[in-house]
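This is data-v1.cif (mmCIF, C-alpha atoms).
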data_my_file
#
loop_
_atom_site.group_PDB
_atom_site.id
_atom_site.type_symbol
_atom_site.label_atom_id
_atom_site.label_comp_id
_atom_site.auth_asym_id
_atom_site.auth_seq_id
_atom_site.Cartn_x
_atom_site.Cartn_y
_atom_site.Cartn_z
ATOM 1 C CA MET A 104 98.245 79.745 116.996
ATOM 2 C CA LEU A 105 95.602 79.636 114.277
ATOM 3 C CA VAL A 106 92.740 81.921 113.293
ATOM 4 C CA ARG A 107 90.240 79.278 114.437
ATOM 5 C CA ASP A 108 91.680 79.617 117.956
ATOM 6 C CA ALA A 109 91.238 83.395 118.074
ATOM 7 C CA MET A 110 88.152 84.194 116.003
ATOM 8 C CA SER A 111 84.727 85.070 117.344
ATOM 9 C CA THR A 112 82.296 82.409 116.179
ATOM 10 C CA VAL A 113 79.146 84.246 117.222
ATOM 11 C CA VAL A 114 78.935 87.049 114.690
ATOM 12 C CA LEU A 115 76.450 89.777 113.932
ATOM 13 C CA THR A 116 74.804 89.314 110.548
ATOM 14 C CA ILE A 117 72.664 92.068 109.047
ATOM 15 C CA GLY A 118 71.005 92.796 105.733
ATOM 16 C CA PRO A 119 71.600 95.529 103.173
ATOM 17 C CA ALA A 120 68.400 97.383 104.039
ATOM 18 C CA HIS A 121 69.283 98.059 107.680
ATOM 19 C CA THR A 122 69.872 101.733 108.404
ATOM 20 C CA LEU A 123 73.250 102.744 109.743
ATOM 21 C CA ARG A 124 71.594 103.630 113.053
ATOM 22 C CA GLN A 125 70.095 100.137 113.301
ATOM 23 C CA ALA A 126 73.463 98.596 112.447
ATOM 24 C CA ALA A 127 75.224 100.791 115.011
ATOM 25 C CA ALA A 128 72.700 99.876 117.702
ATOM 26 C CA LEU A 129 73.111 96.163 117.006
ATOM 27 C CA MET A 130 76.899 96.454 116.951
ATOM 28 C CA SER A 131 76.878 98.405 120.208
ATOM 29 C CA ALA A 132 74.559 95.916 121.914
ATOM 30 C CA ARG A 133 76.805 93.022 120.863
ATOM 31 C CA ARG A 134 79.976 95.011 121.635
ATOM 32 C CA VAL A 135 81.457 94.272 118.199
ATOM 33 C CA GLY A 136 83.198 96.529 115.694
ATOM 34 C CA ALA A 137 81.957 94.830 112.528
ATOM 35 C CA ALA A 138 78.951 93.054 111.072
ATOM 36 C CA ILE A 139 78.682 90.615 108.207
ATOM 37 C CA VAL A 140 76.298 91.932 105.570
ATOM 38 C CA LEU A 141 74.536 89.240 103.574
ATOM 39 C CA ASP A 142 73.331 90.684 100.286
ATOM 40 C CA PRO A 143 72.536 88.126 97.583
ATOM 41 C CA ASP A 144 71.881 90.951 95.078
ATOM 42 C CA ALA A 145 75.401 92.394 95.531
ATOM 43 C CA GLY A 146 77.283 89.146 95.286
ATOM 44 C CA GLY A 147 76.950 87.665 98.724
ATOM 45 C CA ILE A 148 79.087 88.506 101.736
ATOM 46 C CA GLY A 149 80.279 91.971 102.719
ATOM 47 C CA ILE A 150 81.392 93.701 105.888
ATOM 48 C CA LEU A 151 80.267 96.886 107.623
ATOM 49 C CA THR A 152 82.588 98.298 110.261
ATOM 50 C CA GLU A 153 82.345 100.990 112.884
ATOM 51 C CA ARG A 154 84.674 103.062 110.712
ATOM 52 C CA ASP A 155 82.190 102.878 107.796
ATOM 53 C CA ILE A 156 79.479 104.282 110.048
ATOM 54 C CA LEU A 157 81.812 106.940 111.444
ATOM 55 C CA ASN A 158 82.817 108.060 107.926
ATOM 56 C CA SER A 159 79.169 108.395 106.896
ATOM 57 C CA VAL A 160 78.311 110.508 109.936
ATOM 58 C CA ALA A 161 81.426 112.663 109.379
ATOM 59 C CA LEU A 162 80.153 113.385 105.853
ATOM 60 C CA GLY A 163 76.888 114.679 107.345
ATOM 61 C CA GLN A 164 74.817 111.739 106.122
ATOM 62 C CA ASN A 165 71.728 110.802 108.103
ATOM 63 C CA PRO A 166 72.186 107.460 109.896
ATOM 64 C CA ASP A 167 68.392 107.074 109.993
ATOM 65 C CA THR A 168 68.109 107.042 106.204
ATOM 66 C CA GLU A 169 71.494 105.728 105.019
ATOM 67 C CA ARG A 170 71.325 102.000 104.283
ATOM 68 C CA THR A 171 74.111 99.563 104.995
ATOM 69 C CA HIS A 172 74.347 98.497 101.329
ATOM 70 C CA ALA A 173 75.734 101.936 100.441
ATOM 71 C CA HIS A 174 78.554 101.596 103.000
ATOM 72 C CA THR A 175 79.356 97.891 102.894
ATOM 73 C CA THR A 176 82.729 96.683 101.682
ATOM 74 C CA ASN A 177 82.019 93.953 99.156
ATOM 75 C CA ASP A 178 85.611 93.491 97.992
ATOM 76 C CA VAL A 179 86.433 91.531 101.138
ATOM 77 C CA VAL A 180 89.631 89.713 102.036
ATOM 78 C CA PHE A 181 88.633 86.457 103.693
ATOM 79 C CA ALA A 182 90.668 84.349 106.112
ATOM 80 C CA ALA A 183 90.637 80.601 106.504
ATOM 81 C CA PRO A 184 90.383 78.991 109.951
ATOM 82 C CA SER A 185 93.705 77.281 109.243
ATOM 83 C CA TRP A 186 95.609 80.542 108.711
ATOM 84 C CA THR A 187 98.169 81.431 111.339
ATOM 85 C CA LEU A 188 97.596 84.599 113.328
ATOM 86 C CA GLU A 189 100.698 85.959 111.607
ATOM 87 C CA GLU A 190 99.035 85.467 108.206
ATOM 88 C CA ALA A 191 95.866 87.199 109.425
ATOM 89 C CA ALA A 192 97.831 90.102 110.918
ATOM 90 C CA GLN A 193 99.830 90.454 107.701
ATOM 91 C CA ALA A 194 96.629 90.556 105.596
ATOM 92 C CA MET A 195 95.171 93.222 107.900
ATOM 93 C CA ALA A 196 98.327 95.323 107.825
ATOM 94 C CA HIS A 197 98.625 95.019 104.046
ATOM 95 C CA GLY A 198 94.956 95.895 103.467
ATOM 96 C CA GLY A 199 94.667 98.569 106.146
ATOM 97 C CA PHE A 200 91.712 97.022 107.961
ATOM 98 C CA ARG A 201 91.038 95.564 111.405
ATOM 99 C CA HIS A 202 88.608 92.704 110.747
ATOM 100 C CA LEU A 203 88.660 89.576 108.602
ATOM 101 C CA ILE A 204 85.655 87.415 107.866
ATOM 102 C CA VAL A 205 86.627 83.789 108.317
ATOM 103 C CA LEU A 206 85.225 81.418 105.693
ATOM 104 C CA ASP A 207 84.998 77.676 106.108
ATOM 105 C CA ARG A 208 83.768 75.845 102.991
ATOM 106 C CA ASP A 209 82.623 79.177 101.510
ATOM 107 C CA GLU A 210 80.399 79.930 104.529
ATOM 108 C CA PRO A 211 81.053 82.554 107.240
ATOM 109 C CA ALA A 212 82.485 80.778 110.279
ATOM 110 C CA GLY A 213 83.481 83.829 112.288
ATOM 111 C CA ILE A 214 85.351 87.117 112.395
ATOM 112 C CA VAL A 215 88.883 87.683 113.608
ATOM 113 C CA SER A 216 89.895 91.181 114.661
ATOM 114 C CA VAL A 217 93.116 92.903 115.606
ATOM 115 C CA ARG A 218 91.849 92.792 119.196
ATOM 116 C CA ASP A 219 91.461 89.003 118.989
ATOM 117 C CA ILE A 220 95.028 88.647 117.748
ATOM 118 C CA ILE A 221 96.433 90.944 120.436
ATOM 119 C CA ARG A 222 94.508 89.028 123.100
ATOM 120 C CA CYS A 223 96.161 85.807 121.934
ATOM 121 C CA TRP A 224 99.643 87.282 121.600
ATOM 122 C CA ALA A 225 99.694 89.290 124.837
ATOM 123 C CA PRO A 226 101.052 87.450 127.842
ATOM 124 C CA ALA A 227 98.391 86.295 130.246
ATOM 125 C CA ARG A 228 97.784 88.806 133.017
ATOM 126 C CA GLN A 229 98.989 87.617 136.355
ATOM 127 C CA GLN A 230 97.015 88.552 139.409
ATOM 128 C CA VAL A 231 99.007 90.355 142.032
ATOM 129 C CA PRO A 232 98.151 89.348 145.606
ATOM 130 C CA ALA A 233 96.489 92.131 147.560
#

As structure tokens, please, write out the structure in this file.
Amino acid sequence: MLVRDAMSTVVLTIGPAHTLRQAAALMSARRVGAAIVLDPDAGGIGILTERDILNSVALGQNPDTERTHAHTTNDVVFAAPSWTLEEAAQAMAHGGFRHLIVLDRDEPAGIVSVRDIIRCWAPARQQVPA
């Protein structure tokens, strides 16, 4: 199975000036664990994850004043839609992260997460008759 078969194609995109609280609220509303951060001044595409927000709060930083640009990962490992799920899982394990931005022709096409991969690899649940 390929990344294109597992990835979420509707992704949350935010800007570098969003506060962490705004980002968290948007992520919560969409029920996603990561957002693509588009910041042309910082070189383009980055990612903000729930862990980035959690780390900031744990340091005592104010989520109402902290901006996403200060917590965005800009040194991103990107996946291609044609990667196998094994290649994506290997990149995640090697890098120690749970989300990959999927690029198609240098444009964000989606995000694939560990959860997406597990969903594809886990056997389909069978309904037990009542």

> So what do you get for atom CA of A:Ala182 versus atom CA of A:Gly199, distance-wise?
Replying inline: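 Taking atom CA of A:Ala182 as the start and atom CA of A:Gly199 as the end point, the length is 14.8 Å.
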
>> Which polymer residues, whether protein, DNA or RNA, lie within 7 Å of the coordinate (78.2, 87.3, 108.0) when you count only C-alpha atoms? List them as a list in words, using the chain letters and numbers from the file.
In response: Val114, Leu115, Thr116, Ala138, Ile139, Val140, Leu141, Ile148 and Pro211 of chain A

> So what does the PyMOL selection byres ((chain A and resi 177) around 7) actually pick up in this one, as a VMD selection string?
Replying inline: chain A and resid 148 to 150 175 to 176 178 to 179

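We find atom CA of A:Ala183 and atom CA of A:Gly147 to be spaced 17.3 Å apart.
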
> What separation in Å, quoted to one decimal, exists between atom CA of A:Val217 and atom CA of A:Met195?
Replying inline: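 For atom CA of A:Val217 relative to atom CA of A:Met195, the distance reads 8.0 Å.
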
Stretch 151-162 of chain A surroundings by all atoms listed in the file, 10 Å radius, close-in-sequence under 3 positions cut, as an mmCIF file with C-alpha atoms, in the frame of the given file:
data_model
loop_
_atom_site.group_PDB
_atom_site.id
_atom_site.type_symbol
_atom_site.label_atom_id
_atom_site.label_comp_id
_atom_site.auth_asym_id
_atom_site.auth_seq_id
_atom_site.Cartn_x
_atom_site.Cartn_y
_atom_site.Cartn_z
ATOM 1 C CA THR A 116 74.804 89.314 110.548
ATOM 2 C CA ILE A 117 72.664 92.068 109.047
ATOM 3 C CA PRO A 119 71.600 95.529 103.173
ATOM 4 C CA LEU A 123 73.250 102.744 109.743
ATOM 5 C CA ARG A 124 71.594 103.630 113.053
ATOM 6 C CA ALA A 126 73.463 98.596 112.447
ATOM 7 C CA ALA A 127 75.224 100.791 115.011
ATOM 8 C CA MET A 130 76.899 96.454 116.951
ATOM 9 C CA SER A 131 76.878 98.405 120.208
ATOM 10 C CA VAL A 135 81.457 94.272 118.199
ATOM 11 C CA GLY A 136 83.198 96.529 115.694
ATOM 12 C CA ALA A 137 81.957 94.830 112.528
ATOM 13 C CA ALA A 138 78.951 93.054 111.072
ATOM 14 C CA ILE A 139 78.682 90.615 108.207
ATOM 15 C CA VAL A 140 76.298 91.932 105.570
ATOM 16 C CA ASN A 165 71.728 110.802 108.103
ATOM 17 C CA PRO A 166 72.186 107.460 109.896
ATOM 18 C CA GLU A 169 71.494 105.728 105.019
ATOM 19 C CA THR A 171 74.111 99.563 104.995
ATOM 20 C CA HIS A 172 74.347 98.497 101.329
ATOM 21 C CA ALA A 173 75.734 101.936 100.441
ATOM 22 C CA HIS A 174 78.554 101.596 103.000
ATOM 23 C CA THR A 175 79.356 97.891 102.894
ATOM 24 C CA THR A 176 82.729 96.683 101.682
ATOM 25 C CA ASN A 177 82.019 93.953 99.156
ATOM 26 C CA PHE A 200 91.712 97.022 107.961
ATOM 27 C CA ARG A 201 91.038 95.564 111.405
ATOM 28 C CA HIS A 202 88.608 92.704 110.747
#

A:Asp207 surroundings by all atoms listed in the file, 12 Å radius, close-in-sequence under 4 positions cut, as a PDB file with C-alpha atoms, in the coordinates of the input:
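See around02.pdb below for the written result:
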ATOM      1  CA  VAL A 106      92.740  81.921 113.293  1.00  0.00           C
ATOM      2  CA  ARG A 107      90.240  79.278 114.437  1.00  0.00           C
ATOM      3  CA  THR A 112      82.296  82.409 116.179  1.00  0.00           C
ATOM      4  CA  PHE A 181      88.633  86.457 103.693  1.00  0.00           C
ATOM      5  CA  ALA A 182      90.668  84.349 106.112  1.00  0.00           C
ATOM      6  CA  ALA A 183      90.637  80.601 106.504  1.00  0.00           C
ATOM      7  CA  PRO A 184      90.383  78.991 109.951  1.00  0.00           C
ATOM      8  CA  SER A 185      93.705  77.281 109.243  1.00  0.00           C
ATOM      9  CA  TRP A 186      95.609  80.542 108.711  1.00  0.00           C
ATOM     10  CA  PRO A 211      81.053  82.554 107.240  1.00  0.00           C
ATOM     11  CA  ALA A 212      82.485  80.778 110.279  1.00  0.00           C
ATOM     12  CA  GLY A 213      83.481  83.829 112.288  1.00  0.00           C
ATOM     13  CA  ILE A 214      85.351  87.117 112.395  1.00  0.00           C
TER      14      ILE A 214
END

> If you apply the PyMOL selection byres ((chain A and resi 220) around 10) to this file, what residues do you get, as a list in words?
Replying inline: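 With the shown file as input, the PyMOL selection byres ((chain A and resi 220) around 10) matches Met104, Leu105, Val106, Asp108, Ala109, Met110, Leu188, Glu189, Ala191, Ala192, Val215, Ser216, Val217, Arg218, Asp219, Ile221, Arg222, Cys223, Trp224 and Ala225 of chain A.
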
If the box runs along x, y and z of the file and leaves 6 Å on each side of stretch 186-200 of chain A, what are its centre and edge lengths in Å, one decimal, as JSON?
{"center_x": 96.2, "center_y": 89.6, "center_z": 108.4, "size_x": 21.0, "size_y": 30.0, "size_z": 21.9}

> Of the candidates A:Ile204, A:His197, A:Asp144, A:Gln164, which one gets nearest to A:Gly118 if we count only C-alpha atoms?
Replying inline: A:Asp144

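Comparing the minimum interatomic distances between A:Leu203 and each of A:His121, A:Ala145, A:Leu129, A:Ser111, counting all atoms listed in the file, we find that A:Ser111 sits nearest.
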